[in-house]
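S.K.: Handing over data-v1.txt, compact mmCIF, C-alpha atoms.
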```
# COMPACT_ATOMS: atom_id res chain seq x y z
CA MET A 1074 96.18 -4.07 23.46
CA ASP A 1075 98.50 -2.08 25.81
CA GLU A 1076 97.14 0.21 28.55
CA GLN A 1077 97.75 3.48 26.66
CA SER A 1078 96.06 2.20 23.48
CA ASN A 1079 93.15 1.07 25.62
CA ILE A 1080 92.82 4.52 27.18
CA ASN A 1081 93.09 6.19 23.77
CA GLN A 1082 90.32 4.01 22.43
CA ILE A 1083 88.10 4.71 25.45
CA GLU A 1084 88.64 8.44 24.98
CA ASP A 1085 87.96 8.27 21.26
CA TYR A 1086 84.77 6.36 22.01
CA LEU A 1087 83.61 8.89 24.61
CA MET A 1088 84.48 11.82 22.35
CA ASP A 1089 82.72 10.35 19.31
CA ALA A 1090 85.97 10.05 17.39
CA LEU A 1091 85.68 6.39 16.33
CA ASN A 1092 84.46 5.34 12.93
CA GLU A 1093 81.39 3.12 12.63
CA LYS A 1094 83.30 -0.17 12.54
CA ASP A 1095 85.71 0.64 15.40
CA ARG A 1096 82.80 1.89 17.44
CA LYS A 1097 80.90 -1.37 16.97
CA ASP A 1098 84.01 -3.46 17.78
CA PHE A 1099 84.58 -1.41 20.91
CA GLU A 1100 80.98 -1.85 22.03
CA ASP A 1101 81.29 -5.62 21.53
CA ARG A 1102 84.43 -5.66 23.71
CA LEU A 1103 82.65 -3.53 26.27
CA ALA A 1104 79.78 -6.02 26.54
CA ARG A 1105 82.25 -8.85 27.22
CA ASP A 1106 84.80 -7.08 29.42
CA PRO A 1107 83.63 -5.70 32.83
CA VAL A 1108 87.10 -4.26 33.58
CA LEU A 1109 86.93 -2.22 30.38
CA ALA A 1110 83.41 -1.07 31.32
CA GLN A 1111 84.71 0.10 34.72
CA GLU A 1112 87.58 1.98 33.12
CA LEU A 1113 85.13 3.58 30.69
CA ALA A 1114 82.96 4.80 33.60
CA ARG A 1115 86.02 6.30 35.36
CA ARG A 1116 87.22 8.00 32.20
CA LYS A 1117 83.75 9.39 31.51
CA LYS A 1118 83.70 11.09 34.94
CA LEU A 1119 87.17 12.50 34.35
CA ILE A 1120 86.26 13.91 30.92
CA GLU A 1121 83.04 15.42 32.29
CA GLY A 1122 85.09 17.15 34.97
CA MET A 1123 87.57 18.49 32.40
CA GLU A 1124 84.76 19.69 30.14
CA PHE A 1125 83.15 21.48 33.07
CA PHE A 1126 86.50 23.04 33.93
CA GLY A 1127 86.84 24.23 30.30
CA GLY A 1128 83.41 25.85 30.58
CA GLN A 1129 84.47 27.65 33.76
CA ARG A 1130 87.59 28.95 32.00
CA LEU A 1131 85.46 30.25 29.16
CA LYS A 1132 83.21 31.93 31.72
CA ASP A 1133 86.25 33.69 33.18
CA ARG A 1134 87.08 34.93 29.68
CA LEU A 1135 83.49 36.13 29.27
CA LYS A 1136 83.73 38.08 32.53
CA GLU A 1137 86.62 40.01 31.00
CA ILE A 1138 84.64 40.59 27.82
CA HIS A 1139 81.72 41.81 29.94
CA LYS A 1140 83.93 44.52 31.47
CA GLU A 1141 84.99 45.60 28.02
CA VAL A 1142 81.64 45.52 26.25
CA ILE A 1143 79.00 46.41 28.84
CA PRO A 1144 79.53 49.83 30.37
CA PRO A 1145 79.22 49.91 34.16
CA THR A 1146 76.11 51.45 35.66
CA ALA A 1147 76.95 54.78 37.27
CA ALA A 1148 76.32 54.54 41.01
CA PRO A 1149 75.26 57.86 42.52
CA SER A 1150 77.33 58.77 45.53
CA VAL A 1151 75.35 59.75 48.62
CA ILE A 1152 76.89 61.96 51.30
CA PRO A 1153 75.14 62.25 54.69
CA PRO A 1154 74.05 65.90 55.27
CA ASN A 1155 76.02 66.25 58.54
CA ARG A 1156 79.20 65.36 56.72
CA LEU A 1157 78.54 67.59 53.75
CA ARG A 1158 80.21 70.68 55.18
CA SER A 1159 83.46 68.95 56.09
CA PHE A 1160 83.34 67.09 52.80
CA LEU A 1161 83.02 70.37 50.90
CA LEU A 1162 85.88 71.98 52.82
CA ALA A 1163 88.07 68.96 52.20
CA SER A 1164 87.11 69.00 48.52
CA ILE A 1165 88.07 72.67 48.19
CA ALA A 1166 91.42 71.99 49.84
CA VAL A 1167 92.08 69.01 47.57
CA ALA A 1168 91.01 71.03 44.52
CA LEU A 1169 93.44 73.83 45.45
CA LEU A 1170 96.25 71.35 45.90
CA LEU A 1171 95.41 69.75 42.60
CA LEU A 1172 95.41 73.10 40.84
CA LEU A 1173 98.79 73.88 42.34
CA ALA A 1174 100.15 70.52 41.25
CA LEU A 1175 98.64 70.95 37.80
CA TRP A 1176 100.26 74.37 37.42
CA TYR A 1177 103.62 72.94 38.50
CA TRP A 1178 103.51 69.84 36.31
CA TRP A 1179 101.60 71.16 33.31
CA PRO A 1180 104.45 71.47 30.74
CA ALA A 1181 105.69 67.88 31.17
CA ALA A 1182 102.43 66.07 31.90
CA PRO A 1183 100.97 63.54 29.40
CA PRO A 1184 97.45 64.24 28.10
CA ASN A 1185 95.00 63.93 30.98
CA SER A 1186 91.29 63.14 31.01
CA GLN A 1187 90.27 66.73 30.37
CA ASP A 1188 92.70 67.07 27.43
CA ILE A 1189 91.32 64.00 25.74
CA TYR A 1190 87.77 65.20 26.25
CA ALA A 1191 88.52 68.72 25.04
CA ALA A 1192 90.40 67.47 21.99
CA HIS A 1193 87.75 65.00 20.88
CA TYR A 1194 84.37 66.26 22.04
CA GLU A 1195 82.34 67.77 19.20
CA VAL A 1196 78.71 68.80 19.34
CA TYR A 1197 76.89 65.97 17.62
CA ASP A 1198 74.89 66.80 14.52
CA LEU A 1199 71.49 65.61 15.73
CA GLN A 1200 69.70 66.72 12.58
CA SER A 1201 71.29 63.81 10.68
CA ALA A 1202 70.16 61.34 13.32
CA ILE A 1203 66.65 62.57 14.08
CA ARG A 1204 63.85 63.21 11.65
CA SER A 1205 60.83 65.11 12.94
CA THR A 1206 57.47 65.29 11.27
CA ASP A 1207 55.17 68.32 11.02
CA GLN A 1208 52.86 66.81 13.62
CA ASP A 1209 55.74 66.57 16.07
CA ALA A 1210 55.96 70.22 17.09
CA ARG A 1211 57.84 69.61 20.32
CA LEU A 1212 60.47 67.44 18.65
CA THR A 1213 60.90 70.09 15.95
CA ALA A 1214 61.33 72.76 18.64
CA ALA A 1215 63.81 70.56 20.55
CA LEU A 1216 65.85 70.04 17.41
CA GLU A 1217 65.79 73.73 16.46
CA ASN A 1218 66.99 74.75 19.91
CA TYR A 1219 69.67 72.10 19.82
CA GLN A 1220 70.93 73.21 16.41
CA LYS A 1221 71.07 76.82 17.64
CA GLY A 1222 73.19 75.64 20.55
CA ASP A 1223 70.47 76.39 23.10
CA PHE A 1224 70.84 73.11 24.97
CA GLN A 1225 69.10 74.47 28.08
CA ALA A 1226 65.95 74.80 25.95
CA SER A 1227 66.29 71.51 24.01
CA LEU A 1228 66.91 69.38 27.11
CA PRO A 1229 63.48 69.68 28.85
CA LEU A 1230 61.74 69.06 25.53
CA PHE A 1231 63.68 65.85 24.87
CA GLU A 1232 63.18 64.72 28.47
CA SER A 1233 59.43 65.31 28.44
CA LEU A 1234 59.13 63.45 25.12
CA LEU A 1235 61.10 60.58 26.64
CA GLN A 1236 58.74 60.42 29.61
CA GLU A 1237 55.79 60.10 27.28
CA GLN A 1238 57.24 57.87 24.59
CA GLY A 1239 59.63 55.65 26.58
CA ASP A 1240 63.16 54.73 25.54
CA GLU A 1241 63.12 55.97 21.94
CA ILE A 1242 66.73 55.80 20.81
CA GLN A 1243 66.61 59.15 19.02
CA LEU A 1244 65.17 60.90 22.07
CA LEU A 1245 67.75 59.31 24.37
CA PHE A 1246 70.36 60.62 21.99
CA GLY A 1247 68.83 64.09 22.02
CA ALA A 1248 68.70 64.22 25.83
CA ALA A 1249 72.26 62.87 26.18
CA HIS A 1250 73.70 65.36 23.72
CA SER A 1251 71.81 68.26 25.28
CA HIS A 1252 73.41 67.39 28.63
CA LEU A 1253 76.82 67.14 26.99
CA GLY A 1254 76.21 70.49 25.28
CA ILE A 1255 75.52 72.09 28.68
CA GLY A 1256 78.66 70.44 30.05
CA GLN A 1257 76.95 67.78 32.18
CA PRO A 1258 78.61 64.47 31.23
CA ALA A 1259 77.48 62.73 34.43
CA GLU A 1260 73.85 63.39 33.51
CA ALA A 1261 74.45 62.27 29.91
CA VAL A 1262 75.91 58.91 31.02
CA PRO A 1263 72.63 57.12 31.95
CA TYR A 1264 71.06 58.07 28.62
CA LEU A 1265 74.07 56.87 26.64
CA GLN A 1266 74.16 53.66 28.66
CA ARG A 1267 70.54 53.00 27.78
CA ILE A 1268 71.44 53.26 24.09
CA VAL A 1269 74.46 50.96 24.46
CA ARG A 1270 72.32 48.43 26.32
CA SER A 1271 69.53 48.60 23.74
CA ASP A 1272 69.35 46.29 20.75
CA ASP A 1273 69.82 49.22 18.37
CA LEU A 1274 72.89 48.87 16.18
CA LEU A 1275 72.75 52.16 14.31
CA TYR A 1276 73.65 54.55 17.13
CA LYS A 1277 75.55 52.18 19.40
CA ASP A 1278 79.04 53.14 18.25
CA ALA A 1279 78.25 56.84 18.55
CA ALA A 1280 76.81 56.21 22.03
CA ARG A 1281 79.90 54.22 23.05
CA TRP A 1282 82.16 57.00 21.78
CA TYR A 1283 80.39 59.74 23.71
CA LEU A 1284 80.08 57.49 26.75
CA ALA A 1285 83.83 56.87 26.65
CA LEU A 1286 84.48 60.61 26.39
CA SER A 1287 82.09 61.27 29.27
CA PHE A 1288 83.85 58.69 31.46
CA GLN A 1289 87.14 60.27 30.46
CA ARG A 1290 85.86 63.68 31.50
CA LEU A 1291 84.55 62.25 34.79
CA GLY A 1292 87.93 60.69 35.57
CA GLN A 1293 86.69 57.08 35.15
CA ALA A 1294 89.75 56.25 33.07
CA ASP A 1295 89.41 52.44 33.20
CA ASP A 1296 85.78 52.51 32.06
CA ALA A 1297 86.68 54.95 29.29
CA ARG A 1298 89.62 52.86 28.13
CA ALA A 1299 87.55 49.67 27.97
CA LEU A 1300 85.11 51.42 25.63
CA PHE A 1301 87.86 52.95 23.48
CA GLU A 1302 89.47 49.51 23.19
CA PHE A 1303 86.19 47.95 22.16
CA LEU A 1304 85.60 50.62 19.50
CA ALA A 1305 89.18 50.35 18.28
CA THR A 1306 88.72 46.67 17.46
CA GLU A 1307 85.00 46.22 16.95
CA GLY A 1308 83.79 49.70 16.03
CA GLU A 1309 82.90 50.90 12.60
CA GLY A 1310 84.58 53.51 10.37
CA THR A 1311 85.05 56.90 11.97
CA TYR A 1312 84.56 55.78 15.56
CA GLN A 1313 87.07 52.97 15.15
CA GLN A 1314 89.69 55.41 13.84
CA LYS A 1315 88.92 57.99 16.51
CA ALA A 1316 89.22 55.37 19.26
CA GLN A 1317 92.53 54.12 17.88
CA GLN A 1318 93.79 57.71 17.85
CA VAL A 1319 92.77 58.25 21.50
CA LEU A 1320 94.42 55.00 22.57
CA LYS A 1321 97.65 56.11 20.91
CA GLN A 1322 97.45 59.39 22.83
CA LEU A 1323 96.75 57.58 26.08
CA ASP A 1324 99.70 55.24 25.58
CA MET B 655 79.66 48.01 15.48
CA LYS B 656 79.97 46.04 12.26
CA GLU B 657 76.82 44.07 11.56
CA ARG B 658 77.55 40.36 11.10
CA SER B 659 75.36 37.57 9.79
CA ASP B 660 74.76 34.48 11.94
CA GLU B 661 76.78 32.45 9.44
CA GLN B 662 79.78 34.79 9.87
CA ILE B 663 79.52 34.47 13.65
CA LEU B 664 79.40 30.68 13.46
CA GLN B 665 82.43 30.66 11.18
CA GLN B 666 84.37 32.83 13.61
CA LEU B 667 83.43 30.58 16.52
CA ARG B 668 84.40 27.44 14.62
CA ALA B 669 87.80 28.87 13.73
CA ALA B 670 90.80 27.41 15.53
CA ASP B 671 92.19 30.93 16.00
CA GLU B 672 91.26 32.15 19.50
CA ARG B 673 91.25 35.81 18.36
CA GLU B 674 88.49 35.02 15.87
CA ASN B 675 86.52 33.28 18.62
CA ASP B 676 86.89 36.34 20.85
CA LYS B 677 85.65 38.70 18.13
CA ALA B 678 82.48 36.64 17.76
CA LEU B 679 82.01 36.42 21.53
CA LYS B 680 82.34 40.21 21.88
CA TYR B 681 79.87 40.78 19.09
CA LEU B 682 77.33 38.38 20.62
CA TYR B 683 77.82 40.01 24.00
CA ALA B 684 77.20 43.51 22.65
CA LYS B 685 74.23 42.46 20.52
CA CYS B 686 72.35 39.99 22.71
CA TYR B 687 73.14 40.97 26.32
CA PRO B 688 70.71 43.94 26.36
CA VAL B 689 67.77 41.75 25.33
CA ILE B 690 68.56 39.14 27.98
CA GLU B 691 69.15 41.87 30.55
CA ALA B 692 65.71 43.34 29.89
CA PHE B 693 64.09 39.90 30.16
CA ILE B 694 65.79 38.77 33.39
CA SER B 695 65.47 42.17 35.06
CA ARG B 696 61.73 42.11 34.36
CA ASN B 697 61.61 38.70 35.97
CA SER B 698 63.14 39.72 39.31
CA GLY B 699 66.78 39.05 38.41
CA SER B 700 69.67 41.16 39.67
CA THR B 701 72.54 42.52 37.53
CA GLU B 702 74.69 39.61 38.76
CA ASP B 703 71.98 37.11 37.77
CA VAL B 704 71.86 38.57 34.24
CA ALA B 705 75.61 38.27 33.74
CA ASP B 706 75.75 34.78 35.23
CA VAL B 707 72.86 33.40 33.18
CA PHE B 708 74.03 35.04 29.97
CA GLN B 709 77.58 33.73 30.40
CA ASP B 710 76.28 30.22 31.08
CA ALA B 711 74.17 30.43 27.93
CA ILE B 712 77.20 31.49 25.89
CA VAL B 713 79.23 28.58 27.31
CA ILE B 714 76.48 26.17 26.25
CA PHE B 715 76.20 27.72 22.80
CA TYR B 716 79.99 27.91 22.25
CA ARG B 717 80.44 24.30 23.20
CA LYS B 718 77.63 23.19 20.88
CA VAL B 719 79.18 25.10 18.00
CA LYS B 720 82.64 23.69 18.69
CA VAL B 721 81.77 20.11 19.45
CA GLU B 722 78.49 19.27 17.81
CA GLN B 723 78.94 21.45 14.72
CA LEU B 724 75.55 22.89 15.71
CA GLU B 725 73.26 23.59 12.81
CA LEU B 726 70.84 26.28 13.85
CA HIS B 727 67.32 26.39 12.55
CA CYS B 728 66.70 29.75 14.18
CA ALA B 729 68.60 32.99 14.75
CA ILE B 730 71.52 32.83 17.22
CA GLN B 731 69.76 35.45 19.32
CA THR B 732 66.65 33.24 19.51
CA TYR B 733 68.79 30.27 20.57
CA LEU B 734 70.60 32.26 23.27
CA PHE B 735 67.37 33.77 24.50
CA SER B 736 65.79 30.31 24.72
CA VAL B 737 68.73 28.94 26.73
CA CYS B 738 68.63 31.95 29.08
CA LYS B 739 64.90 31.51 29.56
CA LYS B 740 65.40 27.85 30.43
CA LEU B 741 68.26 28.63 32.83
CA TRP B 742 66.28 31.38 34.50
CA LEU B 743 63.23 29.11 34.86
CA HIS B 744 65.49 26.61 36.65
CA ARG B 745 66.66 29.30 39.04
CA LEU B 746 63.17 30.59 39.68
CA ARG B 747 62.04 27.15 40.81
CA GLY B 748 60.67 27.37 44.30
CA ARG B 749 60.25 31.13 44.15
CA LYS B 750 56.68 30.74 42.84
CA LYS B 751 57.12 33.48 40.27
CA GLU B 752 55.40 33.57 36.94
CA LEU B 753 57.66 34.28 34.00
CA ILE B 754 56.89 37.44 32.02
CA VAL B 755 57.96 37.06 28.42
CA ASP B 756 57.68 39.80 25.82
CA LYS B 757 55.35 38.61 23.06
CA ASP B 758 57.71 39.99 20.39
CA ILE B 759 60.49 37.64 21.44
CA SER B 760 60.45 34.18 19.89
CA PHE B 761 62.11 31.15 21.43
CA ILE B 762 62.65 27.46 20.78
CA ALA B 763 62.57 24.35 22.98
CA ILE B 764 65.92 23.50 24.59
CA GLU B 765 66.71 19.92 25.60
CA ASP B 766 67.57 19.37 29.26
CA ASP B 767 70.88 17.67 28.41
CA SER B 768 72.06 20.86 26.67
CA LEU B 769 72.67 22.26 30.15
CA ASP B 770 74.96 19.39 31.24
CA ILE B 771 78.16 21.28 30.46
CA ILE B 772 77.43 23.96 33.08
CA THR B 773 75.63 21.76 35.61
CA ARG B 774 77.64 21.41 38.80
CA ASN B 775 78.10 18.22 40.82
CA GLU B 776 80.59 16.99 43.39
CA ASN B 777 82.57 14.98 40.88
CA LYS B 778 83.03 17.89 38.46
CA GLU B 779 83.87 20.36 41.23
CA LEU B 780 86.50 18.01 42.64
CA ILE B 781 88.16 17.46 39.28
CA ALA B 782 88.07 21.19 38.53
CA SER B 783 89.75 21.92 41.87
CA VAL B 784 92.57 19.49 41.00
CA LEU B 785 92.93 20.96 37.50
CA HIS B 786 93.42 24.39 39.10
CA GLN B 787 96.55 23.00 40.73
CA LEU B 788 98.14 22.34 37.34
CA GLY B 789 100.18 25.01 35.58
CA GLU B 790 98.57 27.37 33.05
CA GLY B 791 100.05 25.43 30.11
CA CYS B 792 98.43 22.19 31.25
CA GLN B 793 95.12 23.90 32.00
CA GLN B 794 95.17 25.34 28.49
CA ILE B 795 96.02 22.18 26.63
CA LEU B 796 93.46 20.08 28.49
CA THR B 797 90.78 22.73 27.89
CA TYR B 798 91.62 22.96 24.21
CA TYR B 799 91.51 19.19 23.84
CA TYR B 800 88.55 18.19 26.00
CA PHE B 801 86.35 21.30 26.07
CA GLU B 802 86.99 22.83 22.67
CA ARG B 803 87.84 19.51 21.00
CA LEU B 804 90.59 21.11 18.96
CA ARG B 805 92.80 18.90 16.83
CA MET B 806 96.37 18.42 18.06
CA LYS B 807 97.63 20.31 15.02
CA ASP B 808 95.51 23.36 15.96
CA ILE B 809 96.53 23.07 19.61
CA ALA B 810 100.18 23.15 18.56
CA THR B 811 99.55 26.31 16.48
CA ARG B 812 97.58 28.02 19.24
CA MET B 813 100.18 27.28 21.87
CA GLY B 814 103.16 28.02 19.65
CA LEU B 815 104.45 24.43 19.93
CA GLN B 816 106.78 22.96 17.34
CA ASN B 817 104.40 20.37 15.94
CA GLU B 818 101.50 18.04 16.58
CA GLN B 819 103.70 15.44 18.28
CA VAL B 820 105.05 17.98 20.76
CA ALA B 821 101.45 18.92 21.64
CA ARG B 822 100.57 15.23 22.03
CA ASN B 823 103.53 14.67 24.39
CA LYS B 824 102.65 17.77 26.39
CA LYS B 825 99.07 16.58 26.81
CA ALA B 826 100.28 13.14 27.93
CA GLY B 827 102.58 14.80 30.49
CA CYS B 828 99.70 16.90 31.82
CA MET B 829 97.44 13.86 32.13
CA LYS B 830 100.20 12.11 34.09
CA LYS B 831 100.41 15.06 36.49
CA LEU B 832 96.62 15.08 36.80
CA ARG B 833 96.55 11.36 37.63
CA SER B 834 99.20 11.87 40.28
CA LEU B 835 97.18 14.71 41.85
CA ILE B 836 94.08 12.52 41.81
CA GLU B 837 96.06 9.78 43.60
CA GLN B 838 96.96 12.27 46.33
CA SER B 839 93.33 13.27 46.94
CA PRO B 840 91.51 10.66 49.06
CA ARG B 841 88.06 11.84 47.91
CA LEU B 842 88.97 11.70 44.23
CA LYS B 843 90.85 8.43 44.64
CA LYS B 844 87.67 6.93 46.08
CA LEU B 845 85.66 8.30 43.17
CA PHE B 846 87.99 6.74 40.63
CA THR B 847 88.41 3.30 42.15
```
Could you show the structure in this file as structure tokens?

M.R.:
Amino acid sequence: MDEQSNINQIEDYLMDALNEKDRKDFEDRLARDPVLAQELARRKKLIEGMEFFGGQRLKDRLKEIHKEVIPPTAAPSVIPPNRLRSFLLASIAVALLLLLALWYWWPAAPPNSQDIYAAHYEVYDLQSAIRSTDQDARLTAALENYQKGDFQASLPLFESLLQEQGDEIQLLFGAAHSHLGIGQPAEAVPYLQRIVRSDDLLYKDAARWYLALSFQRLGQADDARALFEFLATEGEGTYQQKAQQVLKQLD
Amino acid sequence: MKERSDEQILQQLRAADERENDKALKYLYAKCYPVIEAFISRNSGSTEDVADVFQDAIVIFYRKVKVEQLELHCAIQTYLFSVCKKLWLHRLRGRKKELIVDKDISFIAIEDDSLDIITRNENKELIASVLHQLGEGCQQILTYYYFERLRMKDIATRMGLQNEQVARNKKAGCMKKLRSLIEQSPRLKKLFT
């Protein structure tokens, strides 16, 4: 048997690719031939190393999937009090410059974060997602206020219910959408993230969609895009179509 | 997110088409990560620990599906959770912490040798470092052949090669380069002689 055939047979043996008879013949040769046994040991180490390397490559792929599927946790920014004044002054100056630039560039500019948000944000119909019972007076009141568009009144009710009942998906949804209704996407983000990270499947796509819009509104374009891309390929029905539409606009 | 049965996920993972594999991986990530995150966070794990353990568990599961044609006698989520629990127990060794497990979550026994594929040792690290020196094409073909155990015909399709024989020749060329790199490394040369 030539060297290459020998190596092929060793590999086939190590990778369980030999049939019963060939396997037995090979094991007989192995028992009689110490050189073959040595070569087998070397090859085994090499294959183990290549398998491990393959696992590391898959892990790299999973890290990319992680970025796409798991929304980042919003880190609150802390500004030392003694730097607050200069920070505010600088912010005002930057805001004025931005406004000026926006005014100058407006006609030719592609859709920005705010455009996307304004074009796609709709007040969510909570009534279809939440069912209250007669005994649940506070939930009923929260829903009624929400439906009337009085988000300032619905928010504390949803938040107090959440404190008492823990991470109920429907309540998280109510609190998130009340914040969005008031125009507070940053405050809505943690609630939406809790839904996305839950094992609930029913509201996840809706949560991802509003989370993506919130990130878009907050200027976290990369985080928003990752969520839109996920919905565009893995989302269901309406949210898939909406995400595809946004991606077209962004491109 | 479209609900998928475990059988559909296994089919997608077994497919030779990498895009199908990715769809299943994304689905598993979105569905199972939150449960694992809650478990590891409750047991003193950081965000980085959660991601690392979960990704290791997926590597173990993926490999079992690809190579051993794994037949599950439990839900995929139960299997992944059980692997994560085992991995996290390994990492907690020496920290004298008691594991808190939610009573609602079921798990199965995982054999120690299931973890071999992700277990590090000097030999594996050395070989991996040499493989990193090869071009992307060689890294791909050797991963497809040895880690995923794809057939040469499927490798040719995945890599857009003319036919099975071209894939076979490419693999042989890559192994030749690998051997030459091993020859140049005194530590590896010692390991292989």

S.K.: Using all atoms listed in the file, which chain B residues lie at most 6 Å away from chain A, written as number ranges by chain?

M.R.: B: 655-656, 688, 713, 771, 778, 781-782, 797, 800-801, 846

S.K.: Please list as a ChimeraX atom specification every residue within 9 Å of Ile1083 in chain A, counting all atoms listed in the file and excluding residues in the same chain fewer than 2 positions away.

M.R.: /A:1078-1081,1085-1088,1099,1109,1112-1113,1116-1117

S.K.: So that I can see what lies close to Tyr687 in chain B, please list as a PyMOL selection string the residues with an atom at most 10 Å from it, counting all atoms listed in the file and leaving out residues fewer than 3 positions away in the same chain.

M.R.: (chain A and resi 1139+1142-1143+1270-1272) or (chain B and resi 681-684+690-693+704-705+708-709+731+734-735)

S.K.: Which of these, B:Ile759, B:Leu743, B:Cys728, B:Leu842, has the shortest distance to Glu779 in chain B once you count all atoms listed in the file?

M.R.: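 Between B:Ile759, B:Leu743, B:Cys728, B:Leu842, the residue approaching Glu779 in chain B most closely is B:Leu842.
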
S.K.: Skipping near chain neighbours, those fewer than 4 positions away, what residues fall within 12 Å of Glu1241 in chain A using all atoms listed in the file, listed as a list in words?

M.R.: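 Near neighbours after the sequence-gap exclusion: Ile1203, Phe1231, Glu1232, Ser1233, Leu1234, Leu1235, Gln1236, Glu1237, Leu1245, Phe1246, Gly1247, Ala1248, Tyr1264, Leu1265, Arg1267, Ile1268, Ser1271, Asp1272, Asp1273 and Tyr1276 of chain A.
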
S.K.: The centre and edge lengths of an axis-aligned box containing all atoms of range 816-822 of chain B present in the file, extended by 3 Å on each side, are to be given in Å to one decimal, as JSON.

M.R.:
```
{"center_x": 103.7, "center_y": 19.1, "center_z": 19.0, "size_x": 12.2, "size_y": 13.7, "size_z": 12.1}
```

S.K.: Return the single residue from B:Ile714, B:Thr701, B:Ser659, B:Arg805 that is closest to Glu818 in chain B, with distances computed using only C-alpha atoms.

M.R.: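 Once distances to Glu818 in chain B are computed over only C-alpha atoms, the minimum belongs to B:Arg805.
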
S.K.: At a cut-off of 9 Å from (97.7, 17.5, 21.3) in the coordinates of the file, what residues are picked up using all atoms listed in the file, written as a ChimeraX atom specification?

M.R.: /B:795-796,798-799,804-810,818-826

S.K.: Emit the selected residues as a PDB file, in the coordinates of the input, including C-alpha atoms.

M.R.:
```
ATOM      1  CA  ILE B 795      96.020  22.180  26.630  1.00  0.00           C
ATOM      2  CA  LEU B 796      93.460  20.080  28.490  1.00  0.00           C
ATOM      3  CA  TYR B 798      91.620  22.960  24.210  1.00  0.00           C
ATOM      4  CA  TYR B 799      91.510  19.190  23.840  1.00  0.00           C
ATOM      5  CA  LEU B 804      90.590  21.110  18.960  1.00  0.00           C
ATOM      6  CA  ARG B 805      92.800  18.900  16.830  1.00  0.00           C
ATOM      7  CA  MET B 806      96.370  18.420  18.060  1.00  0.00           C
ATOM      8  CA  LYS B 807      97.630  20.310  15.020  1.00  0.00           C
ATOM      9  CA  ASP B 808      95.510  23.360  15.960  1.00  0.00           C
ATOM     10  CA  ILE B 809      96.530  23.070  19.610  1.00  0.00           C
ATOM     11  CA  ALA B 810     100.180  23.150  18.560  1.00  0.00           C
ATOM     12  CA  GLU B 818     101.500  18.040  16.580  1.00  0.00           C
ATOM     13  CA  GLN B 819     103.700  15.440  18.280  1.00  0.00           C
ATOM     14  CA  VAL B 820     105.050  17.980  20.760  1.00  0.00           C
ATOM     15  CA  ALA B 821     101.450  18.920  21.640  1.00  0.00           C
ATOM     16  CA  ARG B 822     100.570  15.230  22.030  1.00  0.00           C
ATOM     17  CA  ASN B 823     103.530  14.670  24.390  1.00  0.00           C
ATOM     18  CA  LYS B 824     102.650  17.770  26.390  1.00  0.00           C
ATOM     19  CA  LYS B 825      99.070  16.580  26.810  1.00  0.00           C
ATOM     20  CA  ALA B 826     100.280  13.140  27.930  1.00  0.00           C
TER      21      ALA B 826
END
```
